[in-house]
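So this one's upload.pdb, PDB, C-alpha atoms and all ligand atoms:
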```pdb
ATOM      1  CA  MET A  26      23.227 -13.013  -9.026
ATOM      2  CA  SER A  27      20.895 -14.936  -6.745
ATOM      3  CA  LEU A  28      17.265 -13.900  -6.720
ATOM      4  CA  PRO A  29      14.388 -15.800  -5.130
ATOM      5  CA  PHE A  30      12.864 -18.075  -7.755
ATOM      6  CA  ALA A  31       9.177 -17.834  -8.649
ATOM      7  CA  PHE A  32       7.007 -20.407 -10.392
ATOM      8  CA  ALA A  33       3.387 -20.769 -11.512
ATOM      9  CA  LEU A  34       1.493 -23.343 -13.537
ATOM     10  CA  HIS A  35      -2.012 -23.868 -14.855
ATOM     11  CA  GLY A  36      -4.042 -26.926 -15.753
ATOM     12  CA  GLY A  37      -6.575 -25.164 -17.961
ATOM     13  CA  ALA A  38      -9.547 -22.834 -17.605
ATOM     14  CA  GLY A  39     -13.257 -23.088 -18.323
ATOM     15  CA  THR A  40     -16.768 -23.138 -16.903
ATOM     16  CA  ILE A  41     -15.676 -25.344 -14.048
ATOM     17  CA  ALA A  42     -18.309 -25.518 -11.318
ATOM     18  CA  PRO A  43     -17.487 -26.196  -7.663
ATOM     19  CA  THR A  44     -18.106 -29.818  -6.647
ATOM     20  CA  HIS A  45     -17.018 -31.259  -3.343
ATOM     21  CA  PRO A  46     -13.481 -31.188  -1.934
ATOM     22  CA  GLN A  47     -13.079 -34.941  -2.410
ATOM     23  CA  ALA A  48     -13.569 -34.657  -6.175
ATOM     24  CA  GLU A  49     -11.189 -31.718  -6.372
ATOM     25  CA  ALA A  50      -8.432 -33.286  -4.278
ATOM     26  CA  PRO A  51      -6.767 -35.241  -7.129
ATOM     27  CA  TYR A  52      -6.389 -32.032  -9.138
ATOM     28  CA  HIS A  53      -4.746 -30.220  -6.271
ATOM     29  CA  GLU A  54      -2.449 -33.200  -5.736
ATOM     30  CA  ALA A  55      -1.469 -33.367  -9.401
ATOM     31  CA  LEU A  56      -0.754 -29.633  -9.488
ATOM     32  CA  ARG A  57       1.417 -29.993  -6.379
ATOM     33  CA  ALA A  58       3.285 -32.981  -7.787
ATOM     34  CA  ALA A  59       4.073 -31.093 -10.996
ATOM     35  CA  THR A  60       5.151 -28.045  -8.994
ATOM     36  CA  ALA A  61       7.459 -30.252  -6.922
ATOM     37  CA  ARG A  62       9.196 -31.338 -10.130
ATOM     38  CA  ALA A  63       9.872 -27.703 -10.989
ATOM     39  CA  LEU A  64      10.984 -26.862  -7.456
ATOM     40  CA  ALA A  65      13.533 -29.665  -7.507
ATOM     41  CA  VAL A  66      15.129 -27.936 -10.515
ATOM     42  CA  LEU A  67      14.876 -24.363  -9.237
ATOM     43  CA  ALA A  68      16.090 -25.150  -5.696
ATOM     44  CA  ALA A  69      19.175 -26.829  -7.175
ATOM     45  CA  ASP A  70      20.017 -23.595  -9.001
ATOM     46  CA  GLY A  71      18.673 -25.062 -12.244
ATOM     47  CA  SER A  72      17.225 -23.059 -15.106
ATOM     48  CA  SER A  73      13.690 -21.748 -15.447
ATOM     49  CA  LEU A  74      13.589 -23.503 -18.823
ATOM     50  CA  ASP A  75      14.226 -26.943 -17.299
ATOM     51  CA  ALA A  76      11.765 -26.199 -14.494
ATOM     52  CA  VAL A  77       8.841 -25.365 -16.805
ATOM     53  CA  VAL A  78       9.534 -28.334 -19.083
ATOM     54  CA  GLU A  79       9.665 -30.772 -16.144
ATOM     55  CA  ALA A  80       6.423 -29.436 -14.668
ATOM     56  CA  VAL A  81       4.588 -29.549 -17.993
ATOM     57  CA  ALA A  82       5.897 -33.059 -18.768
ATOM     58  CA  ALA A  83       4.533 -34.210 -15.380
ATOM     59  CA  LEU A  84       1.085 -32.870 -16.270
ATOM     60  CA  GLU A  85       1.302 -34.416 -19.759
ATOM     61  CA  ASP A  86       1.715 -37.797 -18.075
ATOM     62  CA  CYS A  87      -1.303 -37.185 -15.818
ATOM     63  CA  PRO A  88      -4.680 -38.222 -17.329
ATOM     64  CA  LEU A  89      -6.525 -35.479 -15.439
ATOM     65  CA  PHE A  90      -5.389 -32.785 -17.858
ATOM     66  CA  ASN A  91      -5.799 -32.145 -21.582
ATOM     67  CA  ALA A  92      -2.192 -32.689 -22.620
ATOM     68  CA  GLY A  93      -0.311 -35.893 -23.386
ATOM     69  CA  HIS A  94      -2.070 -38.930 -21.846
ATOM     70  CA  GLY A  95      -5.702 -37.857 -21.401
ATOM     71  CA  ALA A  96      -5.719 -35.361 -24.277
ATOM     72  CA  VAL A  97      -9.047 -34.502 -25.901
ATOM     73  CA  PHE A  98     -10.150 -36.064 -29.203
ATOM     74  CA  CYS A  99     -10.316 -34.386 -32.609
ATOM     75  CA  ALA A 100     -13.515 -34.659 -34.661
ATOM     76  CA  ASP A 101     -12.142 -37.719 -36.485
ATOM     77  CA  GLY A 102     -11.509 -39.634 -33.262
ATOM     78  CA  GLY A 103      -7.730 -39.079 -33.187
ATOM     79  CA  HIS A 104      -5.470 -36.914 -31.036
ATOM     80  CA  GLU A 105      -3.262 -34.090 -32.291
ATOM     81  CA  LEU A 106      -1.065 -32.464 -29.685
ATOM     82  CA  ASP A 107       0.529 -29.004 -29.669
ATOM     83  CA  ALA A 108       3.267 -27.705 -27.354
ATOM     84  CA  GLY A 109       5.598 -24.731 -27.164
ATOM     85  CA  VAL A 110       8.536 -23.509 -25.070
ATOM     86  CA  MET A 111      10.367 -20.204 -24.920
ATOM     87  CA  ASP A 112      13.584 -19.161 -23.201
ATOM     88  CA  GLY A 113      13.419 -15.558 -21.998
ATOM     89  CA  ARG A 114      17.205 -15.321 -21.786
ATOM     90  CA  THR A 115      17.873 -15.839 -25.492
ATOM     91  CA  LEU A 116      14.358 -15.520 -26.967
ATOM     92  CA  ALA A 117      14.913 -18.971 -28.445
ATOM     93  CA  ALA A 118      11.661 -20.880 -28.902
ATOM     94  CA  GLY A 119      10.298 -24.172 -30.191
ATOM     95  CA  GLY A 120       6.783 -25.324 -31.019
ATOM     96  CA  VAL A 121       5.395 -28.606 -32.320
ATOM     97  CA  ALA A 122       1.898 -28.958 -33.733
ATOM     98  CA  GLY A 123      -0.366 -31.877 -34.498
ATOM     99  CA  VAL A 124       1.907 -34.608 -33.130
ATOM    100  CA  ARG A 125       0.270 -38.008 -32.616
ATOM    101  CA  THR A 126       2.972 -40.295 -31.264
ATOM    102  CA  VAL A 127       5.270 -38.245 -29.002
ATOM    103  CA  ARG A 128       4.601 -39.043 -25.354
ATOM    104  CA  ASN A 129       5.759 -35.624 -24.131
ATOM    105  CA  PRO A 130       5.229 -33.000 -26.829
ATOM    106  CA  VAL A 131       6.839 -30.345 -24.605
ATOM    107  CA  ARG A 132      10.127 -32.241 -24.794
ATOM    108  CA  ALA A 133       9.863 -32.325 -28.585
ATOM    109  CA  ALA A 134       9.338 -28.544 -28.577
ATOM    110  CA  LEU A 135      12.466 -28.181 -26.433
ATOM    111  CA  GLU A 136      14.499 -30.370 -28.803
ATOM    112  CA  LEU A 137      13.336 -28.272 -31.743
ATOM    113  CA  MET A 138      14.382 -25.135 -29.883
ATOM    114  CA  TYR A 139      17.823 -26.589 -29.147
ATOM    115  CA  GLU A 140      18.229 -27.661 -32.751
ATOM    116  CA  GLY A 141      17.683 -24.029 -33.684
ATOM    117  CA  ARG A 142      16.832 -24.428 -37.359
ATOM    118  CA  CYS A 143      13.191 -23.461 -37.059
ATOM    119  CA  VAL A 144      10.700 -22.359 -34.445
ATOM    120  CA  LEU A 145       7.547 -24.272 -35.429
ATOM    121  CA  MET A 146       7.360 -27.793 -36.813
ATOM    122  CA  GLY A 147       4.285 -29.843 -37.741
ATOM    123  CA  ALA A 148       3.152 -33.422 -37.292
ATOM    124  CA  ASP A 149       5.324 -35.982 -39.138
ATOM    125  CA  ALA A 150       8.523 -33.953 -39.178
ATOM    126  CA  ALA A 151       8.210 -33.142 -35.474
ATOM    127  CA  GLU A 152       7.618 -36.819 -34.709
ATOM    128  CA  ARG A 153      10.734 -37.772 -36.691
ATOM    129  CA  LEU A 154      12.806 -35.205 -34.828
ATOM    130  CA  ALA A 155      11.507 -36.511 -31.486
ATOM    131  CA  ALA A 156      12.403 -40.078 -32.442
ATOM    132  CA  GLU A 157      15.877 -39.049 -33.612
ATOM    133  CA  ARG A 158      16.443 -37.274 -30.291
ATOM    134  CA  GLY A 159      15.532 -40.424 -28.372
ATOM    135  CA  LEU A 160      12.262 -39.164 -26.918
ATOM    136  CA  ASP A 161       9.567 -41.679 -25.915
ATOM    137  CA  ILE A 162       7.395 -42.606 -28.894
ATOM    138  CA  VAL A 163       4.000 -44.194 -28.182
ATOM    139  CA  GLU A 164       1.049 -45.664 -30.069
ATOM    140  CA  PRO A 165      -1.631 -43.018 -30.761
ATOM    141  CA  GLY A 166      -3.986 -44.950 -28.452
ATOM    142  CA  TYR A 167      -1.716 -44.110 -25.500
ATOM    143  CA  PHE A 168      -3.327 -40.666 -25.298
ATOM    144  CA  SER A 169      -6.930 -41.968 -25.219
ATOM    145  CA  THR A 170      -9.051 -42.358 -22.120
ATOM    146  CA  ALA A 171     -12.635 -43.624 -21.926
ATOM    147  CA  HIS A 172     -13.784 -40.391 -20.394
ATOM    148  CA  ARG A 173     -12.359 -38.338 -23.260
ATOM    149  CA  LEU A 174     -14.170 -40.501 -25.805
ATOM    150  CA  ALA A 175     -17.444 -39.961 -23.947
ATOM    151  CA  GLN A 176     -16.692 -36.239 -23.932
ATOM    152  CA  LEU A 177     -16.217 -36.250 -27.734
ATOM    153  CA  ARG A 178     -19.519 -38.071 -28.267
ATOM    154  CA  GLU A 179     -21.285 -35.656 -25.955
ATOM    155  CA  VAL A 180     -19.841 -32.564 -27.672
ATOM    156  CA  GLN A 181     -20.684 -33.960 -31.115
ATOM    157  CA  ALA A 182     -24.268 -34.637 -30.050
ATOM    158  CA  ARG A 183     -24.610 -31.183 -28.523
ATOM    159  CA  ARG A 184     -22.602 -28.973 -30.860
ATOM    160  CA  GLY A 185     -22.358 -30.888 -34.139
ATOM    161  CA  GLY A 186     -19.285 -29.693 -36.010
ATOM    162  CA  LEU A 187     -18.226 -27.080 -33.443
ATOM    163  CA  ALA A 188     -15.234 -27.547 -31.151
ATOM    164  CA  ALA A 189     -15.500 -27.076 -27.378
ATOM    165  CA  LEU A 190     -13.083 -25.723 -24.815
ATOM    166  CA  ASP A 191     -12.028 -28.626 -22.690
ATOM    167  CA  HIS A 192     -13.327 -27.480 -19.324
ATOM    168  CA  ASP A 193     -16.575 -26.101 -20.644
ATOM    169  CA  ARG A 194     -19.761 -27.889 -19.797
ATOM    170  CA  GLU A 195     -23.357 -27.043 -20.441
ATOM    171  CA  PRO A 196     -25.229 -25.873 -17.328
ATOM    172  CA  GLU A 197     -26.944 -29.221 -16.908
ATOM    173  CA  ASP A 198     -23.711 -31.039 -16.283
ATOM    174  CA  ALA A 199     -21.740 -28.167 -14.854
ATOM    175  CA  ASP A 200     -20.975 -30.183 -11.773
ATOM    176  CA  SER A 201     -19.397 -33.013 -13.720
ATOM    177  CA  PRO A 202     -16.372 -34.229 -11.792
ATOM    178  CA  HIS A 203     -14.575 -34.772 -15.119
ATOM    179  CA  ARG A 204     -12.791 -31.514 -15.766
ATOM    180  CA  PHE A 205      -9.501 -31.377 -17.559
ATOM    181  CA  GLY A 206      -7.359 -28.831 -19.314
ATOM    182  CA  THR A 207      -4.427 -27.548 -21.253
ATOM    183  CA  VAL A 208      -1.312 -27.174 -19.121
ATOM    184  CA  GLY A 209       1.436 -24.599 -18.876
ATOM    185  CA  ALA A 210       4.108 -23.194 -16.616
ATOM    186  CA  VAL A 211       6.215 -20.066 -16.152
ATOM    187  CA  ALA A 212       9.265 -19.527 -13.980
ATOM    188  CA  ARG A 213      11.955 -17.099 -12.955
ATOM    189  CA  ASP A 214      15.106 -18.869 -11.756
ATOM    190  CA  ARG A 215      17.677 -17.621  -9.239
ATOM    191  CA  HIS A 216      19.678 -16.097 -12.070
ATOM    192  CA  GLY A 217      16.736 -13.917 -13.057
ATOM    193  CA  HIS A 218      16.027 -15.820 -16.282
ATOM    194  CA  LEU A 219      12.445 -16.393 -17.367
ATOM    195  CA  ALA A 220      10.878 -19.257 -19.323
ATOM    196  CA  ALA A 221       7.435 -20.485 -20.372
ATOM    197  CA  ALA A 222       5.993 -23.778 -21.654
ATOM    198  CA  THR A 223       2.476 -24.754 -22.772
ATOM    199  CA  SER A 224       1.065 -28.119 -23.919
ATOM    200  CA  THR A 225      -2.392 -29.193 -25.074
ATOM    201  CA  GLY A 226      -4.588 -31.651 -26.893
ATOM    202  CA  GLY A 227      -6.470 -28.593 -28.198
ATOM    203  CA  MET A 228     -10.231 -28.365 -28.159
ATOM    204  CA  THR A 229     -12.624 -31.330 -28.144
ATOM    205  CA  ASN A 230     -14.025 -32.068 -31.621
ATOM    206  CA  LYS A 231     -11.518 -29.737 -33.311
ATOM    207  CA  PRO A 232     -11.060 -30.314 -37.038
ATOM    208  CA  PRO A 233      -7.991 -32.448 -37.802
ATOM    209  CA  GLY A 234      -5.092 -30.181 -38.735
ATOM    210  CA  ARG A 235      -6.266 -27.305 -36.551
ATOM    211  CA  ILE A 236      -3.420 -25.683 -34.609
ATOM    212  CA  GLY A 237      -4.178 -23.752 -31.431
ATOM    213  CA  ASP A 238      -2.337 -20.981 -29.619
ATOM    214  CA  SER A 239      -0.230 -23.174 -27.330
ATOM    215  CA  PRO A 240       2.822 -23.680 -29.610
ATOM    216  CA  ILE A 241       2.697 -20.174 -31.076
ATOM    217  CA  VAL A 242       5.220 -17.657 -29.753
ATOM    218  CA  GLY A 243       3.494 -14.469 -28.640
ATOM    219  CA  ALA A 244       0.076 -16.159 -28.454
ATOM    220  CA  GLY A 245      -0.113 -19.087 -25.997
ATOM    221  CA  VAL A 246       3.533 -19.005 -24.937
ATOM    222  CA  TYR A 247       5.996 -16.159 -24.506
ATOM    223  CA  ALA A 248       9.069 -15.347 -22.410
ATOM    224  CA  ASN A 249      11.424 -12.389 -22.396
ATOM    225  CA  ASP A 250      13.863 -11.621 -19.566
ATOM    226  CA  ALA A 251      13.163  -7.921 -20.128
ATOM    227  CA  THR A 252       9.548  -8.280 -18.984
ATOM    228  CA  CYS A 253       7.738 -11.537 -18.251
ATOM    229  CA  ALA A 254       6.952 -15.161 -19.074
ATOM    230  CA  VAL A 255       3.385 -16.097 -20.077
ATOM    231  CA  SER A 256       1.507 -19.374 -20.599
ATOM    232  CA  CYS A 257      -2.124 -19.201 -21.753
ATOM    233  CA  THR A 258      -5.167 -21.444 -21.780
ATOM    234  CA  GLY A 259      -8.538 -20.852 -23.402
ATOM    235  CA  THR A 260     -10.190 -20.444 -26.777
ATOM    236  CA  GLY A 261      -7.025 -20.657 -28.859
ATOM    237  CA  GLU A 262      -8.218 -18.797 -31.949
ATOM    238  CA  HIS A 263      -8.851 -15.686 -29.841
ATOM    239  CA  PHE A 264      -5.479 -15.920 -28.131
ATOM    240  CA  ILE A 265      -3.773 -16.130 -31.523
ATOM    241  CA  ARG A 266      -5.665 -13.138 -32.900
ATOM    242  CA  ALA A 267      -4.986 -11.165 -29.709
ATOM    243  CA  CYS A 268      -1.260 -12.114 -29.692
ATOM    244  CA  LEU A 269      -1.986 -12.342 -26.005
ATOM    245  CA  GLY A 270       1.372 -13.442 -24.636
ATOM    246  CA  HIS A 271       3.076 -10.651 -26.512
ATOM    247  CA  ASP A 272       0.372  -8.197 -25.476
ATOM    248  CA  VAL A 273       1.303  -8.706 -21.818
ATOM    249  CA  HIS A 274       4.986  -8.237 -22.706
ATOM    250  CA  ALA A 275       4.267  -5.062 -24.727
ATOM    251  CA  ARG A 276       2.262  -3.509 -21.911
ATOM    252  CA  MET A 277       5.226  -4.012 -19.594
ATOM    253  CA  ARG A 278       7.912  -3.050 -22.084
ATOM    254  CA  TYR A 279       6.375  -0.041 -23.797
ATOM    255  CA  GLY A 280       3.655   0.921 -21.326
ATOM    256  CA  GLN A 281       5.809   0.474 -18.222
ATOM    257  CA  GLN A 282       3.027  -1.527 -16.580
ATOM    258  CA  GLY A 283       3.701  -3.921 -13.716
ATOM    259  CA  THR A 284       3.124  -7.665 -14.031
ATOM    260  CA  PHE A 285      -0.294  -7.727 -12.369
ATOM    261  CA  LEU A 286      -1.774  -4.791 -14.287
ATOM    262  CA  ALA A 287      -0.345  -5.908 -17.634
ATOM    263  CA  ALA A 288      -1.765  -9.423 -17.278
ATOM    264  CA  HIS A 289      -5.187  -8.336 -16.080
ATOM    265  CA  GLU A 290      -5.569  -5.552 -18.639
ATOM    266  CA  ALA A 291      -4.393  -7.746 -21.521
ATOM    267  CA  LEU A 292      -7.099 -10.236 -20.639
ATOM    268  CA  ALA A 293      -9.814  -7.620 -20.118
ATOM    269  CA  GLN A 294      -8.913  -5.169 -22.877
ATOM    270  CA  THR A 295      -7.355  -7.298 -25.619
ATOM    271  CA  LEU A 296      -8.795 -10.815 -25.268
ATOM    272  CA  GLY A 297     -12.189  -9.909 -23.817
ATOM    273  CA  PRO A 298     -13.434  -7.683 -26.667
ATOM    274  CA  LEU A 299     -12.666 -10.462 -29.192
ATOM    275  CA  GLY A 300     -14.932 -12.800 -27.234
ATOM    276  CA  GLY A 301     -12.036 -14.920 -25.986
ATOM    277  CA  ARG A 302     -12.330 -16.937 -22.808
ATOM    278  CA  GLY A 303      -9.656 -18.435 -20.614
ATOM    279  CA  GLY A 304      -6.713 -17.262 -18.602
ATOM    280  CA  MET A 305      -2.960 -17.300 -18.175
ATOM    281  CA  VAL A 306      -0.145 -17.571 -15.670
ATOM    282  CA  VAL A 307       2.492 -14.847 -15.762
ATOM    283  CA  VAL A 308       5.725 -14.295 -13.875
ATOM    284  CA  GLY A 309       7.416 -10.931 -14.156
ATOM    285  CA  ARG A 310      11.120 -10.196 -14.207
ATOM    286  CA  ASP A 311      10.569  -8.846 -10.670
ATOM    287  CA  GLY A 312       9.275 -12.268  -9.576
ATOM    288  CA  GLN A 313       5.654 -11.113  -9.273
ATOM    289  CA  ILE A 314       3.049 -13.680 -10.273
ATOM    290  CA  ALA A 315      -0.294 -12.904 -11.935
ATOM    291  CA  MET A 316      -2.944 -15.501 -12.852
ATOM    292  CA  PRO A 317      -5.990 -13.738 -14.345
ATOM    293  CA  PHE A 318      -8.868 -15.628 -15.990
ATOM    294  CA  ASN A 319     -12.300 -14.629 -17.259
ATOM    295  CA  SER A 320     -13.821 -18.106 -17.034
ATOM    296  CA  ARG A 321     -15.358 -19.542 -13.896
ATOM    297  CA  GLY A 322     -12.199 -21.320 -12.872
ATOM    298  CA  MET A 323      -8.602 -22.088 -13.753
ATOM    299  CA  TYR A 324      -6.557 -24.883 -12.199
ATOM    300  CA  ARG A 325      -3.356 -23.330 -10.914
ATOM    301  CA  ALA A 326      -0.435 -23.594  -8.533
ATOM    302  CA  TRP A 327       2.197 -21.056  -7.581
ATOM    303  CA  VAL A 328       5.122 -20.541  -5.269
ATOM    304  CA  ARG A 329       7.836 -17.994  -4.584
ATOM    305  CA  GLU A 330      11.046 -19.114  -2.938
ATOM    306  CA  GLY A 331      10.618 -19.178   0.828
ATOM    307  CA  ASP A 332       6.807 -19.475   0.650
ATOM    308  CA  ASP A 333       4.544 -22.535   0.644
ATOM    309  CA  VAL A 334       3.170 -23.939  -2.599
ATOM    310  CA  ARG A 335      -0.452 -22.884  -3.106
ATOM    311  CA  THR A 336      -3.094 -24.350  -5.402
ATOM    312  CA  ALA A 337      -6.512 -23.057  -6.422
ATOM    313  CA  ILE A 338      -9.323 -23.683  -8.902
ATOM    314  CA  PHE A 339     -11.751 -20.802  -8.440
ATOM    315  CA  ALA A 340     -11.293 -17.054  -8.013
TER     316      ALA A 340
HETATM  317  N1  LIG B   1      -5.769 -23.035 -25.866
HETATM  318  C1  LIG B   1      -5.987 -24.413 -26.220
HETATM  319  C2  LIG B   1      -6.241 -24.492 -27.700
HETATM  320  O1  LIG B   1      -6.972 -23.682 -28.219
HETATM  321  C3  LIG B   1      -7.141 -25.033 -25.486
HETATM  322  C4  LIG B   1      -7.132 -24.888 -23.975
HETATM  323  O2  LIG B   1      -6.466 -24.010 -23.454
HETATM  324  O3  LIG B   1      -7.791 -25.686 -23.282
HETATM  325  O4  LIG B   1      -5.738 -25.392 -28.329
END
```
Any chance you could put this one into structure tokens?
Ligand code: ASP
Amino acid sequence: MSLPFAFALHGGAGTIAPTHPQAEAPYHEALRAATARALAVLAADGSSLDAVVEAVAALEDCPLFNAGHGAVFCADGGHELDAGVMDGRTLAAGGVAGVRTVRNPVRAALELMYEGRCVLMGADAAERLAAERGLDIVEPGYFSTAHRLAQLREVQARRGGLAALDHDREPEDADSPHRFGTVGAVARDRHGHLAAATSTGGMTNKPPGRIGDSPIVGAGVYANDATCAVSCTGTGEHFIRACLGHDVHARMRYGQQGTFLAAHEALAQTLGPLGGRGGMVVVGRDGQIAMPFNSRGMYRAWVREGDDVRTAIFA
């Protein structure tokens, strides 16, 4: 079987305000560079799983986004990273939570999935697995950037003990050029197989030990060849309670909805009433792409085989 591949990724959602094209250019470039990594896999007849992992690893290495290098800080001044992957062909999945020394948490999630003994693994054990598998291990300070530290101080001064969604800014600094976010990707390969991956530093000022939606199957990451692949970004607690990734799948599977309607209605009807904010990228088994969000913006890129790569931040 050879179908046209389809791919979409996000770099987070939030109350991003338009600035000037010059300030936005690096984000568009980074999204394109990560997409190119996925396209290299997909155009060589590679798997959707490899494509989403390569794209997410590229964004983890980029300090512009809240994953890997450049991740947000926890309340105690450390970083705890979460990542998840899911293979729509087999429904195999892997998620790591609270890792502090793995350069590319998405690769650790993939190793856990391949190992096949469990689906979710926390902190120390996940770090040991990553080291055993030969993944890059770094000092915790590798993830820190000066801007992120300033962001932590600002959130602590403004919100005390509350955590903040990475892209969110108060109105007075809504035009801050420093906007970053959780990253994720979905793909359908030429064989019709779907996959999803999501990676994050979580929310600024989050309590140590807090685990968000990103590594959780059916919440921030989901893939099933029967329906769709989904990667989410936003207020993680709401996405977990909404089982949002699975909600999109269920609308398609049991409600016979198409990709676009399922994604948009899941956001509006399931996440919205809980007070959740954010968005998601979805690719359907038919290759359709949907990228709904209920925040002001969501960094995103998408391409279907034969078309040009496109990137966008606002609606
Ligand atoms: N969903 C992520 C979390 O709650 C945050 C984000 O998407 O920016 O950990």
Margin query: Just checking: using only C-alpha atoms and all ligand atoms, which residue out of A:Ala222, A:Ile265, A:Met316, A:Ala80 ends up closest to ligand LIG 1 (chain B)?
Written below: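 Result for the nearest residue to ligand LIG 1 (chain B): A:Ile265.
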List the residues matched by the PyMOL selection byres (((chain A and resi 250-255) around 6) and not hetatm) in the displayed structure as an mmCIF file with C-alpha atoms, in the frame of the given file, ordered by chain and then by residue number.
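part_11.cif was written with the following content:
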```
data_model
loop_
_atom_site.group_PDB
_atom_site.id
_atom_site.type_symbol
_atom_site.label_atom_id
_atom_site.label_comp_id
_atom_site.auth_asym_id
_atom_site.auth_seq_id
_atom_site.Cartn_x
_atom_site.Cartn_y
_atom_site.Cartn_z
ATOM 1 C CA GLY A 113 13.419 -15.558 -21.998
ATOM 2 C CA ARG A 114 17.205 -15.321 -21.786
ATOM 3 C CA VAL A 211 6.215 -20.066 -16.152
ATOM 4 C CA HIS A 218 16.027 -15.820 -16.282
ATOM 5 C CA LEU A 219 12.445 -16.393 -17.367
ATOM 6 C CA ALA A 220 10.878 -19.257 -19.323
ATOM 7 C CA ALA A 221 7.435 -20.485 -20.372
ATOM 8 C CA VAL A 246 3.533 -19.005 -24.937
ATOM 9 C CA TYR A 247 5.996 -16.159 -24.506
ATOM 10 C CA ALA A 248 9.069 -15.347 -22.410
ATOM 11 C CA ASN A 249 11.424 -12.389 -22.396
ATOM 12 C CA SER A 256 1.507 -19.374 -20.599
ATOM 13 C CA GLY A 270 1.372 -13.442 -24.636
ATOM 14 C CA HIS A 274 4.986 -8.237 -22.706
ATOM 15 C CA VAL A 306 -0.145 -17.571 -15.670
ATOM 16 C CA VAL A 307 2.492 -14.847 -15.762
ATOM 17 C CA VAL A 308 5.725 -14.295 -13.875
ATOM 18 C CA GLY A 309 7.416 -10.931 -14.156
ATOM 19 C CA ARG A 310 11.120 -10.196 -14.207
#
```
Item checked: 8 Å shell around ligand LIG 1 (chain B) using only C-alpha atoms and all ligand atoms, listed as a ChimeraX atom specification -> /A:37-39,91,107,190-192,206-208,225-228,236-239,245,257-262,264,303
Notebook entry, point to check: Taking the file as shown, what set of residues would the PyMOL selection byres (((chain A and resi 232) around 8) and not hetatm) give back, as a list in words?
Noted result: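 So the PyMOL selection byres (((chain A and resi 232) around 8) and not hetatm) ends up selecting Cys99, Ala100, Asp101, Ala188, Asn230, Lys231, Pro233, Gly234 and Arg235 of chain A.
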Item checked: Separation of atom CA of Ala76 of chain A from atom CA of Arg62 of chain A, in Å and rounded to one decimal -> 7.2 Å
Next item on the list: Show me as number ranges by chain the residues that reach within 8 Å of (20.5, -16.5, -6.7), counting only C-alpha atoms and using the file's own coordinates.
Entry: A: 26-30, 70, 214-217
Notebook entry, point to check: Which polymer residues, protein or nucleic acid, are no farther than 12 Å from (6.5, -27.3, -19.3), counting all atoms listed in the file, as an MDAnalysis selection string?
Noted result: chainID A and resid 32:36 59:60 62:63 73:86 92:93 108:112 119:120 129:135 207:212 220:225 239:240 246 255:256
Next item on the list: Evaluate the PyMOL selection byres (((chain A and resi 276) around 12) and not hetatm) here and jot the selected residues down as a PyMOL selection string.
Entry: chain A and resi 251-253+269-275+277-292+294-295+309
Next item on the list: Quick one: pull the distance between atom CA of Val163 of chain A and atom CA of Val127 of chain A, Å, one decimal.
Entry: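 The value is 6.1 Å.
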Notebook entry, point to check: Which value, in Å to one decimal, gives the distance between atom CA of Ala48 of chain A and atom CA of Arg329 of chain A?
Noted result: 27.2 Å
Item checked: For segment 142-154 of chain A: contacts at 8 Å, all atoms listed in the file, fewer than 4 positions along chain excluded, given as an MDAnalysis selection string -> chainID A and resid 118:127 133 136:138 158 240:241
Item checked: Residue nearest Cys87 of chain A among A:Thr115, A:Thr44, A:Ser169, A:Ser72 (counting only C-alpha atoms) -> A:Ser169
Need the axis-aligned box for segment 67-76 of chain A with 8 Å each side, so what are the centre and edges in Å to one decimal, as JSON?
```
{"center_x": 15.9, "center_y": -24.3, "center_z": -12.3, "size_x": 24.3, "size_y": 21.2, "size_z": 29.1}
```
Note to self: I'd like to know which of A:Gly159, A:Gly185, A:Gly141, A:Gly322 is closest to Ala340 of chain A, using all atoms listed in the file.
What the structure shows: A:Gly322
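The shortest atom-to-atom distance to Glu54 of chain A, with all atoms listed in the file taken into account, belongs to A:Thr336 out of A:Gln176, A:Gln181, A:Thr336, A:Ser320.
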